[in-house]
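Text of upload-v5.cif, listed as mmCIF, C-alpha atoms:
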```
data_upload
loop_
_atom_site.label_atom_id
_atom_site.label_comp_id
_atom_site.auth_asym_id
_atom_site.auth_seq_id
_atom_site.Cartn_x
_atom_site.Cartn_y
_atom_site.Cartn_z
CA MET A 21 37.66 -45.38 -4.01
CA LYS A 22 40.39 -42.92 -4.74
CA LEU A 23 39.37 -39.23 -4.77
CA THR A 24 40.50 -37.58 -7.95
CA ILE A 25 39.90 -34.08 -9.23
CA ARG A 26 37.42 -35.46 -11.70
CA THR A 27 35.49 -37.28 -8.94
CA ALA A 28 35.55 -34.21 -6.66
CA LEU A 29 34.26 -31.96 -9.44
CA ALA A 30 31.51 -34.46 -10.24
CA MET A 31 30.47 -34.56 -6.56
CA ILE A 32 30.45 -30.77 -6.36
CA PHE A 33 28.36 -30.57 -9.52
CA VAL A 34 25.87 -33.14 -8.18
CA GLY A 35 25.67 -31.25 -4.85
CA ILE A 36 24.99 -27.92 -6.58
CA SER A 37 22.40 -29.58 -8.80
CA LEU A 38 20.59 -31.06 -5.80
CA LEU A 39 20.59 -27.68 -4.02
CA SER A 40 19.20 -26.01 -7.14
CA LEU A 41 16.52 -28.66 -7.46
CA GLY A 42 15.58 -28.13 -3.81
CA GLY A 43 15.30 -24.37 -4.38
CA ILE A 44 13.17 -24.85 -7.49
CA LEU A 45 10.87 -27.31 -5.70
CA SER A 46 10.53 -24.98 -2.71
CA GLU A 47 9.69 -21.95 -4.90
CA SER A 48 7.23 -23.89 -7.05
CA SER A 49 5.54 -25.22 -3.91
CA ASN A 50 5.31 -21.63 -2.58
CA TYR A 51 3.81 -20.51 -5.89
CA ASP A 52 1.33 -23.41 -6.19
CA ASN A 53 0.16 -23.23 -2.59
CA TYR A 54 0.07 -19.51 -1.93
CA TYR A 55 0.21 -17.26 -5.03
CA TRP A 56 -3.46 -17.51 -5.96
CA GLN A 57 -4.56 -17.11 -2.34
CA GLY A 58 -2.36 -14.04 -1.99
CA ARG A 59 -3.50 -12.51 -5.27
CA SER A 60 -7.16 -12.99 -4.33
CA ALA A 61 -6.59 -11.51 -0.87
CA ILE A 62 -4.77 -8.45 -2.20
CA LEU A 63 -7.35 -7.80 -4.91
CA ASP A 64 -10.25 -8.09 -2.44
CA SER A 65 -11.24 -4.45 -1.90
CA GLU A 66 -13.74 -5.50 0.79
CA SER A 67 -10.99 -6.87 3.04
CA ASN A 68 -8.70 -4.92 5.33
CA ASN A 69 -5.60 -5.94 3.38
CA THR A 70 -5.27 -2.42 1.99
CA LEU A 71 -6.23 0.22 4.48
CA VAL A 72 -6.21 3.89 5.42
CA ASN A 73 -5.30 3.72 9.10
CA ALA A 74 -5.51 7.39 10.09
CA VAL A 75 -5.79 10.94 8.79
CA ARG A 76 -4.11 13.60 10.89
CA VAL A 77 -4.35 17.30 10.19
CA THR A 78 -1.86 19.69 11.79
CA LYS A 79 -0.76 23.25 11.27
CA ASP A 80 2.83 24.08 10.37
CA PHE A 81 3.61 26.84 12.86
CA THR A 82 6.38 28.37 10.73
CA THR A 83 4.37 28.71 7.50
CA GLY A 84 0.79 28.54 8.78
CA ALA A 85 0.01 25.87 6.18
CA ILE A 86 -2.24 22.93 6.96
CA VAL A 87 -0.43 19.58 6.72
CA VAL A 88 -2.46 16.41 6.10
CA ARG A 89 -0.77 13.12 7.00
CA VAL A 90 -2.51 9.97 5.76
CA SER A 91 -1.30 6.68 7.22
CA VAL A 92 -1.82 3.75 4.79
CA SER A 93 -0.85 0.08 4.78
CA ALA A 94 -1.01 -3.11 2.73
CA THR A 95 -0.97 -6.62 4.16
CA ASN A 96 -0.02 -9.97 2.65
CA PRO A 97 -2.20 -12.35 4.72
CA THR A 98 -0.79 -15.50 3.10
CA ASN A 99 2.50 -17.37 3.12
CA TYR A 100 3.41 -16.27 -0.42
CA LEU A 101 6.75 -14.49 -0.47
CA GLY A 102 6.86 -12.98 -3.96
CA PHE A 103 4.86 -9.74 -3.63
CA THR A 104 6.25 -6.20 -3.85
CA LEU A 105 4.27 -3.15 -2.78
CA GLN A 106 4.91 -0.79 -5.67
CA ALA A 107 2.91 2.33 -4.75
CA PHE A 108 0.07 4.04 -2.94
CA ASP A 109 -2.00 6.80 -4.57
CA ILE A 110 -4.62 8.71 -2.64
CA GLY A 111 -7.26 11.27 -3.43
CA LEU A 112 -9.14 12.89 -0.59
CA TYR A 113 -11.63 15.51 0.44
CA PHE A 114 -13.23 16.48 3.73
CA VAL A 115 -16.85 16.20 4.83
CA HIS A 116 -18.90 17.21 7.86
CA ALA A 117 -18.91 13.94 9.82
CA GLY A 118 -21.87 11.91 8.62
CA TYR A 119 -22.99 14.49 6.03
CA VAL A 120 -21.31 13.71 2.72
CA ASN A 121 -23.06 16.59 0.91
CA GLU A 122 -21.30 19.17 3.10
CA SER A 123 -17.72 18.99 1.88
CA VAL A 124 -14.58 20.84 0.91
CA PHE A 125 -12.15 19.88 -1.91
CA ARG A 126 -14.70 17.43 -3.30
CA SER A 127 -14.75 18.65 -6.92
CA LEU A 128 -12.14 17.06 -9.15
CA ASP A 129 -10.28 20.33 -9.71
CA GLN A 130 -9.93 20.75 -5.91
CA HIS A 131 -9.43 17.08 -4.95
CA LEU A 132 -6.28 16.66 -2.84
CA LEU A 133 -3.89 14.10 -4.33
CA ALA A 134 -0.73 12.40 -3.09
CA ASN A 135 1.28 9.36 -4.09
CA THR A 136 4.38 7.53 -3.10
CA ARG A 137 6.45 4.88 -4.84
CA LEU A 138 7.69 2.35 -2.31
CA ASP A 139 9.02 -0.73 -4.11
CA LYS A 140 9.04 -2.67 -0.80
CA HIS A 141 8.82 -6.43 -0.39
CA ILE A 142 5.68 -7.64 1.44
CA GLY A 143 6.75 -10.78 3.20
CA PRO A 144 4.43 -13.61 4.19
CA LYS A 145 1.92 -12.62 6.88
CA SER A 146 3.35 -9.11 7.07
CA THR A 147 2.27 -5.51 6.61
CA VAL A 148 4.00 -2.58 4.92
CA GLY A 149 2.85 0.92 5.71
CA THR A 150 3.80 4.51 5.16
CA ASP A 151 2.54 8.05 5.62
CA LEU A 152 1.59 10.23 2.67
CA VAL A 153 1.97 13.93 3.43
CA LEU A 154 0.12 16.79 1.73
CA THR A 155 0.92 20.41 2.51
CA LEU A 156 -2.01 22.57 1.54
CA SER A 157 -1.56 25.88 -0.26
CA SER A 158 -2.50 29.05 1.64
CA THR A 159 -5.89 29.17 -0.14
CA GLN A 160 -6.56 25.49 0.61
CA SER A 161 -5.41 25.96 4.22
CA SER A 162 -7.86 28.84 4.68
CA SER A 163 -10.68 26.80 3.12
CA TYR A 164 -9.98 23.87 5.41
CA GLN A 165 -9.80 26.05 8.54
CA GLU A 166 -13.13 27.73 7.68
CA PHE A 167 -14.74 24.35 7.05
CA ASN A 168 -13.36 22.92 10.29
CA GLN A 169 -14.60 25.93 12.31
CA THR A 170 -18.04 25.81 10.66
CA TYR A 171 -18.54 22.23 11.83
CA SER A 172 -16.81 22.57 15.22
CA GLY A 173 -14.07 20.10 14.31
CA LYS A 174 -16.51 17.33 13.39
CA VAL A 175 -14.72 16.58 10.13
CA ASP A 176 -14.07 13.28 8.38
CA ALA A 177 -11.83 12.60 5.40
CA ILE A 178 -13.12 10.59 2.44
CA VAL A 179 -10.01 8.85 1.13
CA GLU A 180 -9.76 6.88 -2.11
CA LEU A 181 -6.76 4.60 -1.81
CA LEU A 182 -5.22 2.98 -4.89
CA THR A 183 -2.71 0.26 -4.00
CA VAL A 184 -0.35 -1.23 -6.59
CA VAL A 185 1.26 -4.62 -5.88
CA ASN A 186 3.66 -6.47 -8.19
CA SER A 187 4.78 -10.06 -8.59
CA PHE A 188 6.93 -11.91 -11.10
CA LEU A 189 3.74 -12.86 -12.99
CA ASP A 190 2.84 -9.25 -13.92
CA PRO A 191 3.69 -9.78 -17.61
CA VAL A 192 1.11 -12.60 -17.73
CA TYR A 193 -1.67 -11.51 -15.36
CA GLY A 194 -1.02 -7.78 -15.04
CA VAL A 195 -0.25 -5.56 -12.07
CA MET A 196 -2.53 -6.02 -9.06
CA THR A 197 -4.39 -2.84 -8.12
CA THR A 198 -7.13 -2.23 -5.62
CA LEU A 199 -9.23 0.89 -5.17
CA LYS A 200 -10.81 1.37 -1.79
CA GLN A 201 -12.80 4.30 -0.40
CA GLN A 202 -13.00 4.94 3.33
CA GLU A 203 -14.46 7.64 5.58
CA ILE A 204 -11.97 8.31 8.35
CA PRO A 205 -12.40 10.72 11.30
CA VAL A 206 -9.77 13.46 11.21
CA SER A 207 -7.54 13.61 14.25
#
```
The structure given in the file should be rewritten as structure tokens.
Amino acid sequence: MKLTIRTALAMIFVGISLLSLGGILSESSNYDNYYWQGRSAILDSESNNTLVNAVRVTKDFTTGAIVVRVSVSATNPTNYLGFTLQAFDIGLYFVHAGYVNESVFRSLDQHLLANTRLDKHIGPKSTVGTDLVLTLSSTQSSSYQEFNQTYSGKVDAIVELLTVVNSFLDPVYGVMTTLKQQEIPVS
């Protein structure tokens, strides 16, 4: 068989078509096998797939302001590769460890809020995390220091974590959000 331009172009076209078909089959297999598992796992607020890992409170020595650093993460426990971590939003207040009624910043007008927009891919069986940082005003810093002294440093943070995860199916099924509340000892 003599190789002509027409034959070469036809072979190239067939090769590209087969590669495209392989890609489509691979992606559809990934979707069929793992999307629903991944969606269920991410939306499960009882799991540890979205998590507040730590709350650290420090004092900025130059300004005297209290700085609250909240470490958060989201995990894709499945083999699905089409999720994007869009954002974390947190609201928090402090309580005397074990005594939720003794608190500071609990009322909605005092609630401490922070958010971050990440837009990071969450690969299969991987975790994406970040720190959200809040610098308290001078009044808030004073309130926190008084509260901390009153309870001899036995302070926990009550953190409400809203996690937003996207996939290509958002227009059909909507954005995936989970809301989780945790009590975390302040370090």
Which residues, protein or nucleic acid, reach to within 12 Å of (3.5, 11.5, 6.1) in the file's coordinates when using all atoms listed in the file, and can you give that as a PDB file with C-alpha atoms, in the frame of the given file?
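Everything below was put into result.pdb:
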```
ATOM      1  CA  ALA A  74      -5.510   7.390  10.090  1.00  0.00           C
ATOM      2  CA  VAL A  75      -5.790  10.940   8.790  1.00  0.00           C
ATOM      3  CA  ARG A  76      -4.110  13.600  10.890  1.00  0.00           C
ATOM      4  CA  VAL A  77      -4.350  17.300  10.190  1.00  0.00           C
ATOM      5  CA  THR A  78      -1.860  19.690  11.790  1.00  0.00           C
ATOM      6  CA  VAL A  87      -0.430  19.580   6.720  1.00  0.00           C
ATOM      7  CA  VAL A  88      -2.460  16.410   6.100  1.00  0.00           C
ATOM      8  CA  ARG A  89      -0.770  13.120   7.000  1.00  0.00           C
ATOM      9  CA  VAL A  90      -2.510   9.970   5.760  1.00  0.00           C
ATOM     10  CA  SER A  91      -1.300   6.680   7.220  1.00  0.00           C
ATOM     11  CA  VAL A  92      -1.820   3.750   4.790  1.00  0.00           C
ATOM     12  CA  ALA A 134      -0.730  12.400  -3.090  1.00  0.00           C
ATOM     13  CA  ASN A 135       1.280   9.360  -4.090  1.00  0.00           C
ATOM     14  CA  THR A 136       4.380   7.530  -3.100  1.00  0.00           C
ATOM     15  CA  GLY A 149       2.850   0.920   5.710  1.00  0.00           C
ATOM     16  CA  THR A 150       3.800   4.510   5.160  1.00  0.00           C
ATOM     17  CA  ASP A 151       2.540   8.050   5.620  1.00  0.00           C
ATOM     18  CA  LEU A 152       1.590  10.230   2.670  1.00  0.00           C
ATOM     19  CA  VAL A 153       1.970  13.930   3.430  1.00  0.00           C
ATOM     20  CA  LEU A 154       0.120  16.790   1.730  1.00  0.00           C
ATOM     21  CA  THR A 155       0.920  20.410   2.510  1.00  0.00           C
TER      22      THR A 155
END
```
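Of note, atom CA of Asp80 of chain A and atom CA of Glu122 of chain A are spaced 25.7 Å apart.
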Discussion item. For the PyMOL selection byres ((chain A and resi 64-69) around 8), applied here, can you spell out every residue it catches as an MDAnalysis selection string?
Written reply: chainID A and resid 60:63 70:71 93:97 198:200
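Put simply, atom CA of Gly43 of chain A is 24.5 Å away from atom CA of Asp139 of chain A.
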Compile a residue-level contact table for segment 129-155 of chain A against segment 174-192 of chain A at a cut-off of 10 Å, reporting for every qualifying residue the shortest atom pair and its distance in Å to one decimal, with all atoms listed in the file counted, rows ordered by chain and ascending number, as JSON lines.
```
{"residue": "A:Leu132", "atom": "CA", "partner": "A:Val179", "partner_atom": "CA", "distance": 9.5}
{"residue": "A:Leu133", "atom": "CA", "partner": "A:Glu180", "partner_atom": "CA", "distance": 9.6}
{"residue": "A:Ala134", "atom": "CA", "partner": "A:Leu181", "partner_atom": "CA", "distance": 9.9}
{"residue": "A:Asn135", "atom": "CA", "partner": "A:Leu182", "partner_atom": "CA", "distance": 9.1}
{"residue": "A:Arg137", "atom": "CA", "partner": "A:Val184", "partner_atom": "CA", "distance": 9.3}
{"residue": "A:Leu138", "atom": "CA", "partner": "A:Val184", "partner_atom": "CA", "distance": 9.8}
{"residue": "A:Asp139", "atom": "CA", "partner": "A:Asn186", "partner_atom": "CA", "distance": 8.9}
{"residue": "A:Lys140", "atom": "CA", "partner": "A:Val185", "partner_atom": "CA", "distance": 9.5}
{"residue": "A:His141", "atom": "CA", "partner": "A:Asn186", "partner_atom": "CA", "distance": 9.4}
{"residue": "A:Ile142", "atom": "CA", "partner": "A:Val185", "partner_atom": "CA", "distance": 9.1}
```
Practice problem: Pull out every residue that the PyMOL selection byres ((chain A and resi 114) around 12) matches in the shown coordinates and put them as number ranges by chain. | Solution: A: 75-77, 88, 111-113, 115-127, 130-132, 160, 163-168, 171, 173-180, 202-206
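Of note, atom CA of Gly102 of chain A and atom CA of Leu39 of chain A are spaced 20.1 Å apart.
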Between A:Leu38, A:Ile44, A:Ile86, A:Val72, smallest distance to Leu156 of chain A by only C-alpha atoms belongs to A:Ile86
For segment 164-172 of chain A, take all atoms listed in the file, fit an axis-aligned box around them, add 3 Å to each of the six sides, then output centre and edge lengths in Å rounded to one decimal, as AutoDock Vina command-line options.
```
--center_x -14.2 --center_y 25.0 --center_z 10.3 --size_x 14.7 --size_y 11.5 --size_z 15.8
```
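Among A:Ser157, A:Met31, A:Leu41, A:Ser146, the residue with the shortest atom-to-atom distance to Thr104 of chain A, counting all atoms listed in the file, is A:Ser146.
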Across A:Arg59, A:Thr24, A:Val148, A:Val195, the smallest distance to Asn73 of chain A, with all atoms listed in the file counted, is shown by A:Val148
Min atom-atom distance to Tyr55 of chain A from the set A:Gly35, A:Pro144, A:Gly42, A:Gly84, counting all atoms listed in the file, belongs to A:Pro144
